[in-house]
Amino acid sequence: MFEIDPQSLVKMAAYTGGGLAIGFGAIGAALGEGYAAAQADMAISENPKMAGEITRNMLVGQAVAESAGIFALVVAILLLFFNVANPNLANAASLLGAGLCMGLGALGSGIGSGMPAAETCRAVARQPRLSNRLLTVMLIGSAVCQTPAILSMVISLMLIFLNYGDASAIKAAALLGAGLCMGFGGIGSGAGSGHPAGETCKGIARQPGAQSLLTTNMLIGAAVCQTPAIFAMVVSLMLMFVNFGDVPLNPTWAAFMGAALSTGLAAIGSGYGGGMVAGASCEGIARQPRAVGNVTTTMLVGQAVAQTPCIFGLLISFVLMFKMFPETAALSPSMALLSAGICMGFGAIGPGLGNGMTAEGAVRWIARNEEDTGLLMRIMLVGQAVSQSTAIYAMVISLVLIFVI
Amino acid sequence: METVKQLQKKYGSMAMFIAIVLALALIMLGYKEMAKGLMLGSIFSVVNFVLMGESLQSRLGNPGRSGTMSFFSLMLARFGLMAVPLVVSIRYDQYHIVATIAGLFMVQAVILTDAAKRMMFSRQL
Amino acid sequence: MPVTGTEMLITGADLVKAAAFIGAGISMGLGAIGPGVGEGMAAAKACEAIGRNPREAALLTRTMLVGQAVSESTGIYSLVISLLLLFVV
């Protein structure tokens with residue numbers, strides 16, 4: 001039906017991928033740095049005497065926040081100048097996937113690592129003598145926010161440089177899917193882990209004695225909110241390396257794309273939601289350091305529930321990857337599988353965010369009113385269960401699309 | 001704004017010092033391309049850090065719309081500048097590409113190592 | 001090796017079915033975002049209110065559930081439309 005010379009196809013994919021990588025990457029870096037610079041302005045107008053100190057902290061924060069953008073730049077330049085030995089459809093798909101993966105992955109981390117820099121500037125204006133300690137904590141927080149960008153870079157470099165020895169159209173779909181999945185999966189976790197890092201910097205200015213409690217809690221919270229990015233990485237690696245054997249092209253390409261979208265999109269909501277919970281718990285500990293036990297426990301429960309929609313997404317991805325679908329010449333069976341992935345992916349974003357918000361409210365008020373921990377935890381779980389229901393509807397529709405149609 | 005200048009001097013010179021030591025070690029071991037790539041990347045990393053400080057100081061003194069626009073256009077210009085060593089090392093074989101990429105993150109590596117060192121020795125965390 | 005499109009037999013009825021399936025997925029997928037976030041907000045505010053005033057917990061929980069049920073309705077509309085697209089069209 002169409003014929004394109006493979007060399008041009010690969011070049012086209014590489015240029016598009018490079019543009020997407022640096023485009024999204026620069027948007028993330030600009031949003032993060034712009035937010036931090038705006039907060040630094042406010043901080044300087046609050047306390048003009050500390051302008052030098054605030055600018056110093058901002059500069060260091062910005063240098064670290066920008067590394068996600070530099071990752072994207074490196075991948076983009078590699079894509080623009082990369083020469084493929086014997087070009088085919090799978091190479092084209094892997095280069096486009098690599099660009100998407102790096103660009104979207106850097107978007108979240110760029111936004112996230114602007115938050116600790118912003119809060120540090122505000123905090124230095126209020127508590128000038130803590131400047132050095134705040135700087136250290138900010139750098140740790142911002143480095144943690146870079147993790148999803150680093151995972152995305154690893155996947156995109158693998159997509160560019162590894163030779164998969166299989167040039168079929170199915171492999172092409174799997175490689176493009178691997179890039180998409182890790183790219184979308186990094187957004188939520190990257191932007192979400194900015195919340196605990198920022199709230200920790202703010203909290204140290206309020207309660208300098210709680211610094212070690214806050215830093216520990218920040219690291220736990222940020223680590224848990226990065227689980228969705230790791231789920232996405234697992235699906236990406238499976239799409240890249242599992243040998244699916246002799247499967248028919250026609251519905252299987254759609255199943256792979258669906259699997260990628262399902263986990264990738266679902267990770268956005270769960271990752272950001274988990275970050276909101278962790279942020280609220282850091283804020284709460286700064287307010288009431290004695291409540292740390294209850295606050296951390298509730299945070300972990302809340303984050304675990306907020307992760308459920310992402311686990312539904314992972315489940316649908318596994319079904320789509322490993323179920324054998326009979327060969328068909330028609331369009332509708334493959335569209336049903338693609339649609340199952342889209343449905344579960346988008347359907348999990350809302351409940352993931354909603355569960356995160358609920359747990360955020362509960363954690364914040366457990367810190368203020370510790371006697372009612374049990375009551376608040378119960379209400380939180382009821383609220384989360386109701387908000388989860390829409391993810392379950394989406395999962396039902398996905399399963400119907402996979403098994404009944 | 002003396003402190004910003006001091007900070008730039010401190011991290012910039014530390015990054016260059018480490019880059020030169022590593023490059024000398026690589027030359028001793030016989031990896032000349034890697035040493036050249038590392039130096040190229042590190043130089044641009046430091047230049048970017050200095051320009052970042054300059055753009056930040058002009059932005060923070062001038063919070064209006066024109067300040068924001070020049071901040072973002074300077075940011076894009078800095079990204080363009082950092083593309084130069086990458087393109088050079090891809091085009092000319094005498095610069096090793098991986099070493100160039102590593103060199104581009106030299107300032108960030110120095111900043112983070114400094115923070116990690118402070119966290120470990122201050123006993124406050 | 002030139003890259004060619006796969007051989008597919010696409011008839012009118014098949015195209016309509018394919019569009020209906022994609023529509024069902026998008027309807028349920030996007031339709032779940034609003035109620036998910038909205039119910040989360042309602043529950044967050046209920047937690048806040050109970051934290052301020054734990055004695056009214058029963059009343060607040062009831063109110064939260066009523067609010068969530070109303071906000072759920074748009075999710076159910078999406079579900080109904082998806083099922084219609086899957087089985088009736």
# chains A, B, ... in the order shown; residues from 1 in each chain; ligands from 1

call {"tool": "interface_residues", "arguments": {"of": "chain C", "to": "chain A", "cutoff": "7 Å", "atoms": "only C-alpha atoms", "output": "ChimeraX atom specification"}}
result
/C:2-5,8-10,14-15,17-18,21-22,25-26,28-30,32-34,36-41,43-45,47-48,51,75,79

call {"tool": "residues_around", "arguments": {"residues": "A:Ala255", "least_positions_apart": "2", "cutoff": "7 Å", "atoms": "only C-alpha atoms", "output": "count of residues only"}}
result
10

call {"tool": "closest_residue", "arguments": {"among": "A:Ile160, A:Ile311, A:Ile54, A:Cys181", "to": "A:Val235", "atoms": "only C-alpha atoms"}}
result
A:Cys181

call {"tool": "closest_atom_pairs", "arguments": {"of": "chain B", "to": "chain A", "cutoff": "9 Å", "atoms": "only C-alpha atoms", "output": "JSON lines"}}
result
{"residue": "B:Met1", "atom": "CA", "partner": "A:Gly52", "partner_atom": "CA", "distance": 5.0}
{"residue": "B:Glu2", "atom": "CA", "partner": "A:Gly52", "partner_atom": "CA", "distance": 7.1}
{"residue": "B:Thr3", "atom": "CA", "partner": "A:Gly52", "partner_atom": "CA", "distance": 6.0}
{"residue": "B:Val4", "atom": "CA", "partner": "A:Arg56", "partner_atom": "CA", "distance": 5.0}
{"residue": "B:Lys5", "atom": "CA", "partner": "A:Arg56", "partner_atom": "CA", "distance": 8.7}
{"residue": "B:Leu7", "atom": "CA", "partner": "A:Arg56", "partner_atom": "CA", "distance": 7.1}
{"residue": "B:Gln8", "atom": "CA", "partner": "A:Arg56", "partner_atom": "CA", "distance": 8.9}
{"residue": "B:Phe49", "atom": "CA", "partner": "A:Ala63", "partner_atom": "CA", "distance": 6.9}
{"residue": "B:Met52", "atom": "CA", "partner": "A:Leu59", "partner_atom": "CA", "distance": 7.3}
{"residue": "B:Gly53", "atom": "CA", "partner": "A:Leu59", "partner_atom": "CA", "distance": 6.1}
{"residue": "B:Leu56", "atom": "CA", "partner": "A:Leu59", "partner_atom": "CA", "distance": 7.1}
{"residue": "B:Gln57", "atom": "CA", "partner": "A:Thr55", "partner_atom": "CA", "distance": 7.1}
{"residue": "B:Arg59", "atom": "CA", "partner": "A:Ala37", "partner_atom": "CA", "distance": 7.9}
{"residue": "B:Leu60", "atom": "CA", "partner": "A:Asp41", "partner_atom": "CA", "distance": 5.9}
{"residue": "B:Gly61", "atom": "CA", "partner": "A:Asp41", "partner_atom": "CA", "distance": 8.2}
{"residue": "B:Asn62", "atom": "CA", "partner": "A:Asp41", "partner_atom": "CA", "distance": 8.8}
{"residue": "B:Pro63", "atom": "CA", "partner": "A:Asp41", "partner_atom": "CA", "distance": 6.9}
{"residue": "B:Thr68", "atom": "CA", "partner": "A:Gly34", "partner_atom": "CA", "distance": 8.0}
{"residue": "B:Phe71", "atom": "CA", "partner": "A:Gly34", "partner_atom": "CA", "distance": 8.5}
{"residue": "B:Phe72", "atom": "CA", "partner": "A:Ala30", "partner_atom": "CA", "distance": 6.9}
{"residue": "B:Met75", "atom": "CA", "partner": "A:Ala30", "partner_atom": "CA", "distance": 7.8}
{"residue": "B:Leu76", "atom": "CA", "partner": "A:Ala26", "partner_atom": "CA", "distance": 7.9}
{"residue": "B:Phe79", "atom": "CA", "partner": "A:Leu73", "partner_atom": "CA", "distance": 7.3}
{"residue": "B:Gly80", "atom": "CA", "partner": "A:Leu73", "partner_atom": "CA", "distance": 8.9}
{"residue": "B:Met82", "atom": "CA", "partner": "A:Leu73", "partner_atom": "CA", "distance": 8.1}
{"residue": "B:Ala83", "atom": "CA", "partner": "A:Ile77", "partner_atom": "CA", "distance": 7.0}
{"residue": "B:Leu86", "atom": "CA", "partner": "A:Ile77", "partner_atom": "CA", "distance": 6.9}
{"residue": "B:Val87", "atom": "CA", "partner": "A:Ile77", "partner_atom": "CA", "distance": 7.0}
{"residue": "B:Ile90", "atom": "CA", "partner": "A:Phe81", "partner_atom": "CA", "distance": 7.2}
{"residue": "B:Arg91", "atom": "CA", "partner": "A:Phe81", "partner_atom": "CA", "distance": 8.5}
{"residue": "B:Ile101", "atom": "CA", "partner": "A:Val74", "partner_atom": "CA", "distance": 7.2}
{"residue": "B:Leu104", "atom": "CA", "partner": "A:Ile70", "partner_atom": "CA", "distance": 8.2}
{"residue": "B:Phe105", "atom": "CA", "partner": "A:Ser67", "partner_atom": "CA", "distance": 7.5}
{"residue": "B:Val107", "atom": "CA", "partner": "A:Ala63", "partner_atom": "CA", "distance": 8.0}
{"residue": "B:Gln108", "atom": "CA", "partner": "A:Val64", "partner_atom": "CA", "distance": 5.8}
{"residue": "B:Ala109", "atom": "CA", "partner": "A:Val64", "partner_atom": "CA", "distance": 8.9}
{"residue": "B:Ile111", "atom": "CA", "partner": "A:Val60", "partner_atom": "CA", "distance": 7.5}
{"residue": "B:Leu112", "atom": "CA", "partner": "A:Leu139", "partner_atom": "CA", "distance": 6.7}
{"residue": "B:Asp114", "atom": "CA", "partner": "A:Thr136", "partner_atom": "CA", "distance": 8.6}
{"residue": "B:Ala115", "atom": "CA", "partner": "A:Thr136", "partner_atom": "CA", "distance": 5.1}
{"residue": "B:Ala116", "atom": "CA", "partner": "A:Thr136", "partner_atom": "CA", "distance": 7.6}
{"residue": "B:Arg118", "atom": "CA", "partner": "A:Thr136", "partner_atom": "CA", "distance": 7.3}
{"residue": "B:Met119", "atom": "CA", "partner": "A:Thr136", "partner_atom": "CA", "distance": 6.9}
{"residue": "B:Gln124", "atom": "CA", "partner": "A:Ser212", "partner_atom": "CA", "distance": 7.1}
{"residue": "B:Leu125", "atom": "CA", "partner": "A:Ser212", "partner_atom": "CA", "distance": 4.5}

call {"tool": "residues_around", "arguments": {"residues": "C:Val88", "least_positions_apart": "6", "cutoff": "12 Å", "atoms": "only C-alpha atoms", "output": "ChimeraX atom specification"}}
result
/C:17,20-21,24,80-82

call {"tool": "atom_distance", "arguments": {"atom1": "atom CA of A:Arg122", "atom2": "atom CA of A:Cys201"}}
result
9.2 Å

call {"tool": "residues_around", "arguments": {"residues": "stretch 34-46 of chain B", "least_positions_apart": "6", "cutoff": "9 Å", "atoms": "only C-alpha atoms", "output": "number ranges by chain"}}
result
B: 8, 11-13, 15-16, 19-20, 22-27, 81-82, 84-86, 89, 94-108
